[in-house]
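Enquirer: Structure supplied as coords_9.pdb; contents: PDB, C-alpha atoms.
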```pdb
ATOM      1  CA  MET A   1      45.348  29.911  19.393  1.00  0.00           C
ATOM      2  CA  SER A   2      45.784  26.147  19.535  1.00  0.00           C
ATOM      3  CA  GLY A   3      45.927  23.942  16.466  1.00  0.00           C
ATOM      4  CA  SER A   4      42.474  22.456  17.095  1.00  0.00           C
ATOM      5  CA  GLU A   5      40.917  25.932  17.433  1.00  0.00           C
ATOM      6  CA  ALA A   6      42.523  27.031  14.162  1.00  0.00           C
ATOM      7  CA  VAL A   7      41.124  23.973  12.406  1.00  0.00           C
ATOM      8  CA  GLY A   8      37.690  24.696  13.887  1.00  0.00           C
ATOM      9  CA  PHE A   9      37.718  28.297  12.630  1.00  0.00           C
ATOM     10  CA  LYS A  10      38.844  27.128   9.187  1.00  0.00           C
ATOM     11  CA  VAL A  11      36.001  24.590   8.967  1.00  0.00           C
ATOM     12  CA  ALA A  12      33.477  27.242  10.036  1.00  0.00           C
ATOM     13  CA  GLU A  13      34.752  29.653   7.376  1.00  0.00           C
ATOM     14  CA  ASP A  14      34.538  26.949   4.717  1.00  0.00           C
ATOM     15  CA  LEU A  15      30.944  26.115   5.681  1.00  0.00           C
ATOM     16  CA  ARG A  16      29.958  29.794   5.579  1.00  0.00           C
ATOM     17  CA  SER A  17      31.501  30.186   2.136  1.00  0.00           C
ATOM     18  CA  ILE A  18      29.634  27.128   0.838  1.00  0.00           C
ATOM     19  CA  ALA A  19      26.275  28.247   2.238  1.00  0.00           C
ATOM     20  CA  ALA A  20      26.642  31.854   1.073  1.00  0.00           C
ATOM     21  CA  PRO A  21      24.365  32.898  -1.828  1.00  0.00           C
ATOM     22  CA  ALA A  22      26.012  33.099  -5.211  1.00  0.00           C
ATOM     23  CA  PRO A  23      26.732  36.684  -6.311  1.00  0.00           C
ATOM     24  CA  ALA A  24      24.316  38.137  -8.837  1.00  0.00           C
ATOM     25  CA  SER A  25      27.221  38.753 -11.211  1.00  0.00           C
ATOM     26  CA  VAL A  26      27.896  35.010 -11.353  1.00  0.00           C
ATOM     27  CA  ALA A  27      24.286  34.234 -12.242  1.00  0.00           C
ATOM     28  CA  ALA A  28      24.317  36.922 -14.906  1.00  0.00           C
ATOM     29  CA  GLU A  29      27.290  35.284 -16.594  1.00  0.00           C
ATOM     30  CA  ILE A  30      25.560  31.900 -16.988  1.00  0.00           C
ATOM     31  CA  ASP A  31      25.056  31.169 -20.667  1.00  0.00           C
ATOM     32  CA  PRO A  32      21.429  30.322 -21.464  1.00  0.00           C
ATOM     33  CA  LEU A  33      20.742  26.822 -22.702  1.00  0.00           C
ATOM     34  CA  PRO A  34      19.835  26.784 -26.395  1.00  0.00           C
ATOM     35  CA  SER A  35      16.148  27.093 -27.204  1.00  0.00           C
ATOM     36  CA  ASN A  36      14.634  25.454 -30.267  1.00  0.00           C
ATOM     37  CA  ARG A  37      11.401  23.879 -31.420  1.00  0.00           C
ATOM     38  CA  VAL A  38      11.975  20.748 -29.344  1.00  0.00           C
ATOM     39  CA  THR A  39      12.572  22.645 -26.111  1.00  0.00           C
ATOM     40  CA  ARG A  40       9.583  24.899 -26.768  1.00  0.00           C
ATOM     41  CA  PHE A  41       7.428  21.839 -27.415  1.00  0.00           C
ATOM     42  CA  LEU A  42       8.541  20.256 -24.126  1.00  0.00           C
ATOM     43  CA  ASP A  43       7.652  23.458 -22.318  1.00  0.00           C
ATOM     44  CA  HIS A  44       4.237  23.946 -23.938  1.00  0.00           C
ATOM     45  CA  ALA A  45       3.268  20.262 -23.700  1.00  0.00           C
ATOM     46  CA  ARG A  46       4.409  19.803 -20.109  1.00  0.00           C
ATOM     47  CA  TRP A  47       0.943  19.114 -18.706  1.00  0.00           C
ATOM     48  CA  TYR A  48       0.234  16.508 -21.389  1.00  0.00           C
ATOM     49  CA  LEU A  49       3.522  14.780 -20.649  1.00  0.00           C
ATOM     50  CA  ILE A  50       2.911  14.834 -16.898  1.00  0.00           C
ATOM     51  CA  SER A  51      -0.612  13.490 -17.450  1.00  0.00           C
ATOM     52  CA  MET A  52       0.821  10.630 -19.507  1.00  0.00           C
ATOM     53  CA  VAL A  53       3.119   9.713 -16.610  1.00  0.00           C
ATOM     54  CA  ALA A  54       0.156   9.805 -14.202  1.00  0.00           C
ATOM     55  CA  VAL A  55      -1.852   7.484 -16.471  1.00  0.00           C
ATOM     56  CA  PHE A  56       1.190   5.217 -16.737  1.00  0.00           C
ATOM     57  CA  PHE A  57       1.365   5.003 -12.938  1.00  0.00           C
ATOM     58  CA  VAL A  58      -2.311   4.070 -12.689  1.00  0.00           C
ATOM     59  CA  LEU A  59      -2.018   1.394 -15.375  1.00  0.00           C
ATOM     60  CA  CYS A  60       1.018  -0.162 -13.682  1.00  0.00           C
ATOM     61  CA  PHE A  61      -0.617  -0.403 -10.260  1.00  0.00           C
ATOM     62  CA  ASN A  62      -2.173  -3.772  -9.390  1.00  0.00           C
ATOM     63  CA  GLY A  63      -2.211  -3.652  -5.577  1.00  0.00           C
ATOM     64  CA  GLN A  64      -0.339  -6.946  -5.246  1.00  0.00           C
ATOM     65  CA  TRP A  65       2.752  -7.399  -3.130  1.00  0.00           C
ATOM     66  CA  LYS A  66       5.693  -8.936  -4.984  1.00  0.00           C
ATOM     67  CA  ILE A  67       7.045 -11.201  -2.258  1.00  0.00           C
ATOM     68  CA  GLY A  68      10.786 -10.993  -1.711  1.00  0.00           C
ATOM     69  CA  ARG A  69      13.232 -11.747   1.075  1.00  0.00           C
ATOM     70  CA  ASP A  70      13.886  -8.166   2.158  1.00  0.00           C
ATOM     71  CA  SER A  71      10.299  -6.985   1.877  1.00  0.00           C
ATOM     72  CA  ALA A  72       9.184 -10.071   3.827  1.00  0.00           C
ATOM     73  CA  LEU A  73      11.571  -9.117   6.635  1.00  0.00           C
ATOM     74  CA  TYR A  74      10.200  -5.565   6.675  1.00  0.00           C
ATOM     75  CA  ARG A  75       6.617  -6.760   6.787  1.00  0.00           C
ATOM     76  CA  GLY A  76       7.327  -9.420   9.405  1.00  0.00           C
ATOM     77  CA  LEU A  77       8.939  -6.886  11.722  1.00  0.00           C
ATOM     78  CA  ALA A  78       6.144  -4.404  11.045  1.00  0.00           C
ATOM     79  CA  HIS A  79       3.476  -6.975  11.858  1.00  0.00           C
ATOM     80  CA  ASN A  80       5.060  -7.902  15.182  1.00  0.00           C
ATOM     81  CA  VAL A  81       5.373  -4.241  16.121  1.00  0.00           C
ATOM     82  CA  ALA A  82       1.748  -3.625  15.136  1.00  0.00           C
ATOM     83  CA  ILE A  83       0.432  -6.485  17.281  1.00  0.00           C
ATOM     84  CA  GLY A  84       2.620  -5.576  20.261  1.00  0.00           C
ATOM     85  CA  LYS A  85       5.294  -8.286  20.103  1.00  0.00           C
ATOM     86  CA  GLY A  86       8.110  -5.790  19.671  1.00  0.00           C
ATOM     87  CA  TYR A  87      10.788  -5.287  17.057  1.00  0.00           C
ATOM     88  CA  VAL A  88      11.553  -8.966  16.516  1.00  0.00           C
ATOM     89  CA  TRP A  89      10.999 -11.446  13.720  1.00  0.00           C
ATOM     90  CA  GLY A  90      12.994 -14.617  13.399  1.00  0.00           C
ATOM     91  CA  ASP A  91      16.530 -14.812  14.720  1.00  0.00           C
ATOM     92  CA  LEU A  92      18.334 -12.080  12.803  1.00  0.00           C
ATOM     93  CA  ALA A  93      15.929  -9.582  11.269  1.00  0.00           C
ATOM     94  CA  GLY A  94      15.663  -7.273  14.273  1.00  0.00           C
ATOM     95  CA  GLY A  95      19.420  -6.852  14.456  1.00  0.00           C
ATOM     96  CA  LEU A  96      20.024  -6.428  10.733  1.00  0.00           C
ATOM     97  CA  ILE A  97      17.321  -3.988   9.652  1.00  0.00           C
ATOM     98  CA  TYR A  98      17.026  -0.339  10.626  1.00  0.00           C
ATOM     99  CA  PRO A  99      13.634   0.347  12.196  1.00  0.00           C
ATOM    100  CA  GLY A 100      12.475   3.299  10.073  1.00  0.00           C
ATOM    101  CA  TYR A 101      10.674   1.516   7.261  1.00  0.00           C
ATOM    102  CA  PRO A 102       9.252  -1.348   9.372  1.00  0.00           C
ATOM    103  CA  LEU A 103       7.834   1.239  11.779  1.00  0.00           C
ATOM    104  CA  LEU A 104       6.195   3.043   8.859  1.00  0.00           C
ATOM    105  CA  LEU A 105       4.644  -0.239   7.714  1.00  0.00           C
ATOM    106  CA  ALA A 106       3.572  -0.985  11.285  1.00  0.00           C
ATOM    107  CA  GLY A 107       1.749   2.342  11.480  1.00  0.00           C
ATOM    108  CA  ILE A 108      -0.012   1.641   8.190  1.00  0.00           C
ATOM    109  CA  GLU A 109      -1.014  -1.822   9.419  1.00  0.00           C
ATOM    110  CA  LYS A 110      -2.361  -0.352  12.651  1.00  0.00           C
ATOM    111  CA  PHE A 111      -4.693   1.947  10.743  1.00  0.00           C
ATOM    112  CA  PHE A 112      -5.627  -0.133   7.700  1.00  0.00           C
ATOM    113  CA  GLY A 113      -5.059  -3.757   8.664  1.00  0.00           C
ATOM    114  CA  ARG A 114      -2.603  -6.322   7.349  1.00  0.00           C
ATOM    115  CA  GLY A 115      -3.565  -6.229   3.669  1.00  0.00           C
ATOM    116  CA  ASP A 116      -1.189  -5.425   0.829  1.00  0.00           C
ATOM    117  CA  LEU A 117      -3.175  -2.576  -0.697  1.00  0.00           C
ATOM    118  CA  ALA A 118      -2.626   0.176   1.892  1.00  0.00           C
ATOM    119  CA  PRO A 119       1.203   0.061   2.041  1.00  0.00           C
ATOM    120  CA  LEU A 120       1.407  -0.171  -1.747  1.00  0.00           C
ATOM    121  CA  VAL A 121      -0.855   2.866  -2.095  1.00  0.00           C
ATOM    122  CA  VAL A 122       1.420   4.791   0.279  1.00  0.00           C
ATOM    123  CA  MET A 123       4.458   3.811  -1.789  1.00  0.00           C
ATOM    124  CA  ASN A 124       2.718   4.933  -4.963  1.00  0.00           C
ATOM    125  CA  LEU A 125       1.823   8.253  -3.360  1.00  0.00           C
ATOM    126  CA  MET A 126       5.509   8.805  -2.632  1.00  0.00           C
ATOM    127  CA  ALA A 127       6.358   8.508  -6.333  1.00  0.00           C
ATOM    128  CA  PRO A 128       4.739  11.840  -7.347  1.00  0.00           C
ATOM    129  CA  VAL A 129       6.484  13.464  -4.378  1.00  0.00           C
ATOM    130  CA  ILE A 130       9.824  12.261  -5.765  1.00  0.00           C
ATOM    131  CA  LEU A 131       8.989  13.620  -9.207  1.00  0.00           C
ATOM    132  CA  LEU A 132       7.895  16.967  -7.780  1.00  0.00           C
ATOM    133  CA  LEU A 133      11.055  17.309  -5.706  1.00  0.00           C
ATOM    134  CA  SER A 134      13.179  16.336  -8.709  1.00  0.00           C
ATOM    135  CA  TYR A 135      11.441  18.973 -10.804  1.00  0.00           C
ATOM    136  CA  LYS A 136      11.823  21.668  -8.147  1.00  0.00           C
ATOM    137  CA  LEU A 137      15.486  20.833  -7.578  1.00  0.00           C
ATOM    138  CA  ILE A 138      16.383  21.027 -11.267  1.00  0.00           C
ATOM    139  CA  ARG A 139      14.214  24.113 -11.710  1.00  0.00           C
ATOM    140  CA  LEU A 140      16.410  26.044  -9.289  1.00  0.00           C
ATOM    141  CA  HIS A 141      19.173  26.184 -11.894  1.00  0.00           C
ATOM    142  CA  TYR A 142      17.807  25.212 -15.299  1.00  0.00           C
ATOM    143  CA  PRO A 143      14.945  26.158 -17.637  1.00  0.00           C
ATOM    144  CA  ARG A 144      11.522  24.629 -17.238  1.00  0.00           C
ATOM    145  CA  TRP A 145      11.730  22.446 -20.346  1.00  0.00           C
ATOM    146  CA  LEU A 146      14.775  20.632 -18.980  1.00  0.00           C
ATOM    147  CA  ALA A 147      13.132  20.064 -15.591  1.00  0.00           C
ATOM    148  CA  VAL A 148      10.034  18.701 -17.341  1.00  0.00           C
ATOM    149  CA  CYS A 149      12.133  16.411 -19.525  1.00  0.00           C
ATOM    150  CA  VAL A 150      14.054  14.921 -16.592  1.00  0.00           C
ATOM    151  CA  THR A 151      10.905  14.539 -14.485  1.00  0.00           C
ATOM    152  CA  VAL A 152       8.966  12.754 -17.217  1.00  0.00           C
ATOM    153  CA  LEU A 153      11.860  10.425 -18.040  1.00  0.00           C
ATOM    154  CA  VAL A 154      12.299   9.495 -14.380  1.00  0.00           C
ATOM    155  CA  GLY A 155       8.564   8.852 -14.058  1.00  0.00           C
ATOM    156  CA  ALA A 156       8.542   6.632 -17.146  1.00  0.00           C
ATOM    157  CA  ASN A 157      11.617   4.670 -16.065  1.00  0.00           C
ATOM    158  CA  GLY A 158      10.779   0.999 -15.630  1.00  0.00           C
ATOM    159  CA  ARG A 159      13.023   0.545 -12.610  1.00  0.00           C
ATOM    160  CA  PHE A 160      11.427   3.516 -10.857  1.00  0.00           C
ATOM    161  CA  VAL A 161       7.940   2.136 -11.536  1.00  0.00           C
ATOM    162  CA  ALA A 162       8.965  -1.285 -10.212  1.00  0.00           C
ATOM    163  CA  LEU A 163      10.347   0.261  -7.024  1.00  0.00           C
ATOM    164  CA  HIS A 164       7.260   2.263  -6.120  1.00  0.00           C
ATOM    165  CA  ASN A 165       5.129  -0.833  -6.660  1.00  0.00           C
ATOM    166  CA  ASP A 166       7.217  -2.817  -4.181  1.00  0.00           C
ATOM    167  CA  LEU A 167       7.635  -2.675  -0.408  1.00  0.00           C
ATOM    168  CA  MET A 168      11.283  -1.714  -0.191  1.00  0.00           C
ATOM    169  CA  THR A 169      13.208   1.173   1.344  1.00  0.00           C
ATOM    170  CA  ASP A 170      14.375   2.747  -1.934  1.00  0.00           C
ATOM    171  CA  ILE A 171      11.400   5.051  -2.473  1.00  0.00           C
ATOM    172  CA  PRO A 172      11.226   6.462   1.090  1.00  0.00           C
ATOM    173  CA  PHE A 173      14.995   6.943   0.944  1.00  0.00           C
ATOM    174  CA  MET A 174      14.679   8.903  -2.303  1.00  0.00           C
ATOM    175  CA  VAL A 175      12.010  11.126  -0.764  1.00  0.00           C
ATOM    176  CA  GLY A 176      14.243  11.959   2.190  1.00  0.00           C
ATOM    177  CA  LEU A 177      17.309  12.446   0.013  1.00  0.00           C
ATOM    178  CA  LEU A 178      15.593  14.816  -2.418  1.00  0.00           C
ATOM    179  CA  MET A 179      14.000  16.790   0.415  1.00  0.00           C
ATOM    180  CA  ALA A 180      17.436  17.261   1.964  1.00  0.00           C
ATOM    181  CA  LEU A 181      19.043  18.235  -1.352  1.00  0.00           C
ATOM    182  CA  TYR A 182      16.276  20.670  -2.251  1.00  0.00           C
ATOM    183  CA  GLY A 183      16.262  22.257   1.195  1.00  0.00           C
ATOM    184  CA  TRP A 184      20.036  22.613   1.218  1.00  0.00           C
ATOM    185  CA  GLU A 185      20.088  24.114  -2.255  1.00  0.00           C
ATOM    186  CA  ARG A 186      17.400  26.640  -1.341  1.00  0.00           C
ATOM    187  CA  LEU A 187      19.460  27.675   1.673  1.00  0.00           C
ATOM    188  CA  ARG A 188      22.667  27.782  -0.344  1.00  0.00           C
ATOM    189  CA  ILE A 189      21.455  30.057  -3.118  1.00  0.00           C
ATOM    190  CA  GLY A 190      19.097  32.106  -0.972  1.00  0.00           C
ATOM    191  CA  VAL A 191      15.357  32.488  -1.283  1.00  0.00           C
ATOM    192  CA  GLY A 192      13.616  35.694  -2.259  1.00  0.00           C
ATOM    193  CA  ALA A 193      10.522  37.138  -0.638  1.00  0.00           C
ATOM    194  CA  ALA A 194       8.289  35.528  -3.255  1.00  0.00           C
ATOM    195  CA  GLY A 195       9.779  32.089  -2.630  1.00  0.00           C
ATOM    196  CA  THR A 196      11.877  32.020  -5.809  1.00  0.00           C
ATOM    197  CA  PRO A 197      15.662  31.735  -5.945  1.00  0.00           C
ATOM    198  CA  VAL A 198      17.356  35.116  -5.631  1.00  0.00           C
ATOM    199  CA  ASP A 199      20.005  34.305  -8.212  1.00  0.00           C
ATOM    200  CA  ASP A 200      17.828  32.432 -10.690  1.00  0.00           C
ATOM    201  CA  PRO A 201      19.604  32.332 -14.073  1.00  0.00           C
ATOM    202  CA  PRO A 202      18.106  34.866 -16.482  1.00  0.00           C
ATOM    203  CA  SER A 203      17.615  32.142 -19.089  1.00  0.00           C
ATOM    204  CA  ALA A 204      15.187  30.186 -16.919  1.00  0.00           C
ATOM    205  CA  ALA A 205      11.518  30.449 -17.715  1.00  0.00           C
ATOM    206  CA  LYS A 206       8.956  31.408 -15.107  1.00  0.00           C
ATOM    207  CA  PRO A 207       8.255  28.746 -12.471  1.00  0.00           C
ATOM    208  CA  LEU A 208       5.575  26.164 -13.141  1.00  0.00           C
TER     209      LEU A 208
END
```
Now, as a test, write the supplied structure out as structure tokens.
Expert:
Amino acid sequence: MSGSEAVGFKVAEDLRSIAAPAPASVAAEIDPLPSNRVTRFLDHARWYLISMVAVFFVLCFNGQWKIGRDSALYRGLAHNVAIGKGYVWGDLAGGLIYPGYPLLLAGIEKFFGRGDLAPLVVMNLMAPVILLLSYKLIRLHYPRWLAVCVTVLVGANGRFVALHNDLMTDIPFMVGLLMALYGWERLRIGVGAAGTPVDDPPSAAKPL
């Protein structure tokens, strides 16, 4: 066996070991996180907390585009694509910016026109998707109260709110990143017939 073949077999073995489900004995040895009145309150009041975040999102939405250099480049490229001029705008934008987000904006403009409202609504619809994926990802390994706490704090974060009310690539990137992480983690730990992790820690509460 040549050196390159040996390296290839070693890499394949390492990948199989990473993707293999964790043994049940390992999950059984996980110490449960402490439960107290605060954690029980977070668990019981989860729908109230999530509703508060939803109301916060609605109150923060004004449907106005905050003009900036990068978002102007995205929208300029998107507009030219939408009207059939191609992926060009100015002298440098087409060569500096990856086409994913401008193409998304171009599709929105094709369907809803050039206004600011439609793309901002799409960005705001991505925010709950991010929170849901964050919750589901944490819920694979930790109790429900902790997943609720992290999700609510992310939703109430001022920087997060500012990002999903702007036309930038951060929010779509977060959606893709969390989808990849959640999908990989589900594959890594294994998924039972009912769609729940096979090796869910015994301390975790029932899924939401």
Enquirer: Return the single residue from A:Leu125, A:Leu167, A:Leu133, A:Ile138 that is closest to Ala78 (chain A), with distances computed using only C-alpha atoms.
Expert: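 Closest residue, counting only C-alpha atoms: A:Leu167.
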Enquirer: For region 172-181 of chain A, I'd like the enclosing box, axis-aligned and padded by 6 Å on every side, reported as JSON with centre and edge lengths in Å to one decimal.
Expert:
```
{"center_x": 15.1, "center_y": 12.3, "center_z": -0.1, "size_x": 19.8, "size_y": 23.8, "size_z": 16.6}
```
Enquirer: Excluding Tyr101 (chain A) and any residue of its chain fewer than 6 positions from it, enumerate the residues within 8 Å of it, using all atoms listed in the file, and give them as number ranges by chain.
Expert: A: 74, 169, 172
Enquirer: Contacts of region 59-69 of chain A at 6 Å or less, counting only C-alpha atoms, minus same-chain residues fewer than 2 places along, as a PDB file with C-alpha atoms, keeping the file's coordinate frame?
Expert:
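As a result, selection_3.pdb now contains:
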```
ATOM      1  CA  PHE A  56       1.190   5.217 -16.737  1.00  0.00           C
ATOM      2  CA  PHE A  57       1.365   5.003 -12.938  1.00  0.00           C
ATOM      3  CA  SER A  71      10.299  -6.985   1.877  1.00  0.00           C
ATOM      4  CA  ALA A  72       9.184 -10.071   3.827  1.00  0.00           C
ATOM      5  CA  ASP A 116      -1.189  -5.425   0.829  1.00  0.00           C
ATOM      6  CA  LEU A 117      -3.175  -2.576  -0.697  1.00  0.00           C
TER       7      LEU A 117
END
```
Enquirer: Evaluate the PyMOL selection byres ((chain A and resi 87) around 9) here and jot the selected residues down as a list in words.
Expert: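 Output of the PyMOL selection byres ((chain A and resi 87) around 9): Leu77, Ala78, Asn80, Val81, Gly84, Lys85, Gly86, Val88, Trp89, Ala93, Gly94, Pro99, Pro102 and Leu103 of chain A.
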Enquirer: Write out as a list in words the residues lying within 9 Å of region 157-160 of chain A, counting only C-alpha atoms and excluding same-chain residues fewer than 4 positions away.
Expert: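 Listed by chain and then number, they are Ala127, Val152, Leu153, His164, Asn165 and Ile171 of chain A.
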Enquirer: Export C-alpha atoms of the chosen residues as a PDB file, keeping the file's coordinate frame?
Expert:
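Written output follows (part-v9.pdb):
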```pdb
ATOM      1  CA  ALA A 127       6.358   8.508  -6.333  1.00  0.00           C
ATOM      2  CA  VAL A 152       8.966  12.754 -17.217  1.00  0.00           C
ATOM      3  CA  LEU A 153      11.860  10.425 -18.040  1.00  0.00           C
ATOM      4  CA  HIS A 164       7.260   2.263  -6.120  1.00  0.00           C
ATOM      5  CA  ASN A 165       5.129  -0.833  -6.660  1.00  0.00           C
ATOM      6  CA  ILE A 171      11.400   5.051  -2.473  1.00  0.00           C
TER       7      ILE A 171
END
```
Enquirer: Can you spell out as a list of chain:residue names the set of residues that the PyMOL selection byres ((chain A and resi 50) around 12) selects in the structure I just provided?
Expert: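 For this structure, the PyMOL selection byres ((chain A and resi 50) around 12) resolves to A:Leu42, A:Asp43, A:His44, A:Ala45, A:Arg46, A:Trp47, A:Tyr48, A:Leu49, A:Ser51, A:Met52, A:Val53, A:Ala54, A:Val55, A:Phe56, A:Phe57, A:Pro128, A:Leu131, A:Leu132, A:Tyr135, A:Ala147, A:Val148, A:Cys149, A:Val150, A:Thr151, A:Val152, A:Leu153, A:Val154, A:Gly155, A:Ala156.
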Enquirer: Pick from A:Ile97, A:Leu146, A:Leu187, A:Val58: nearest to Gly76 (chain A), with only C-alpha atoms counted?
Expert: A:Ile97
Enquirer: I need the residue nearest Ile189 (chain A) from this list: A:Gly176, A:Ala162, A:Gly90, A:Leu140. Use only C-alpha atoms for the distance.
Expert: A:Leu140
Enquirer: Select, counting all atoms listed in the file, all protein, DNA and RNA residues no farther than 12 Å from (-4.8, 0.1, 14.3) in file coordinates, and express the selection as a VMD selection string.
Expert: chain A and resid 79 81 to 84 105 to 114
Enquirer: Can you work out the spacing between CA of Asn36 (chain A) and CA of Ser134 (chain A) in Å, to one decimal?
Expert: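 These atoms are spaced 23.5 Å apart.
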Enquirer: What separation in Å, quoted to one decimal, exists between CA of Arg144 (chain A) and CA of Leu177 (chain A)?
Expert: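 Computing the Euclidean distance for CA of Arg144 (chain A) and CA of Leu177 (chain A) yields 21.9 Å.
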Enquirer: For a cutoff of 12 Å around the file-coordinate point (15.9, 23.6, -1.4), which residues qualify once you count only C-alpha atoms? I'd like the result as JSON, numbers by chain.
Expert: {"A": [19, 133, 134, 135, 136, 137, 138, 139, 140, 141, 177, 178, 179, 180, 181, 182, 183, 184, 185, 186, 187, 188, 189, 190, 191, 195, 196, 197]}
Enquirer: Write out the residues from the selection above, keeping C-alpha atoms, as a CSV table (one decimal), in the coordinates of the input.
Expert:
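Written out: again-v2.csv:
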```csv
chain,number,residue,atom,x,y,z
A,19,ALA,CA,26.3,28.2,2.2
A,133,LEU,CA,11.1,17.3,-5.7
A,134,SER,CA,13.2,16.3,-8.7
A,135,TYR,CA,11.4,19.0,-10.8
A,136,LYS,CA,11.8,21.7,-8.1
A,137,LEU,CA,15.5,20.8,-7.6
A,138,ILE,CA,16.4,21.0,-11.3
A,139,ARG,CA,14.2,24.1,-11.7
A,140,LEU,CA,16.4,26.0,-9.3
A,141,HIS,CA,19.2,26.2,-11.9
A,177,LEU,CA,17.3,12.4,0.0
A,178,LEU,CA,15.6,14.8,-2.4
A,179,MET,CA,14.0,16.8,0.4
A,180,ALA,CA,17.4,17.3,2.0
A,181,LEU,CA,19.0,18.2,-1.4
A,182,TYR,CA,16.3,20.7,-2.3
A,183,GLY,CA,16.3,22.3,1.2
A,184,TRP,CA,20.0,22.6,1.2
A,185,GLU,CA,20.1,24.1,-2.3
A,186,ARG,CA,17.4,26.6,-1.3
A,187,LEU,CA,19.5,27.7,1.7
A,188,ARG,CA,22.7,27.8,-0.3
A,189,ILE,CA,21.5,30.1,-3.1
A,190,GLY,CA,19.1,32.1,-1.0
A,191,VAL,CA,15.4,32.5,-1.3
A,195,GLY,CA,9.8,32.1,-2.6
A,196,THR,CA,11.9,32.0,-5.8
A,197,PRO,CA,15.7,31.7,-5.9
```
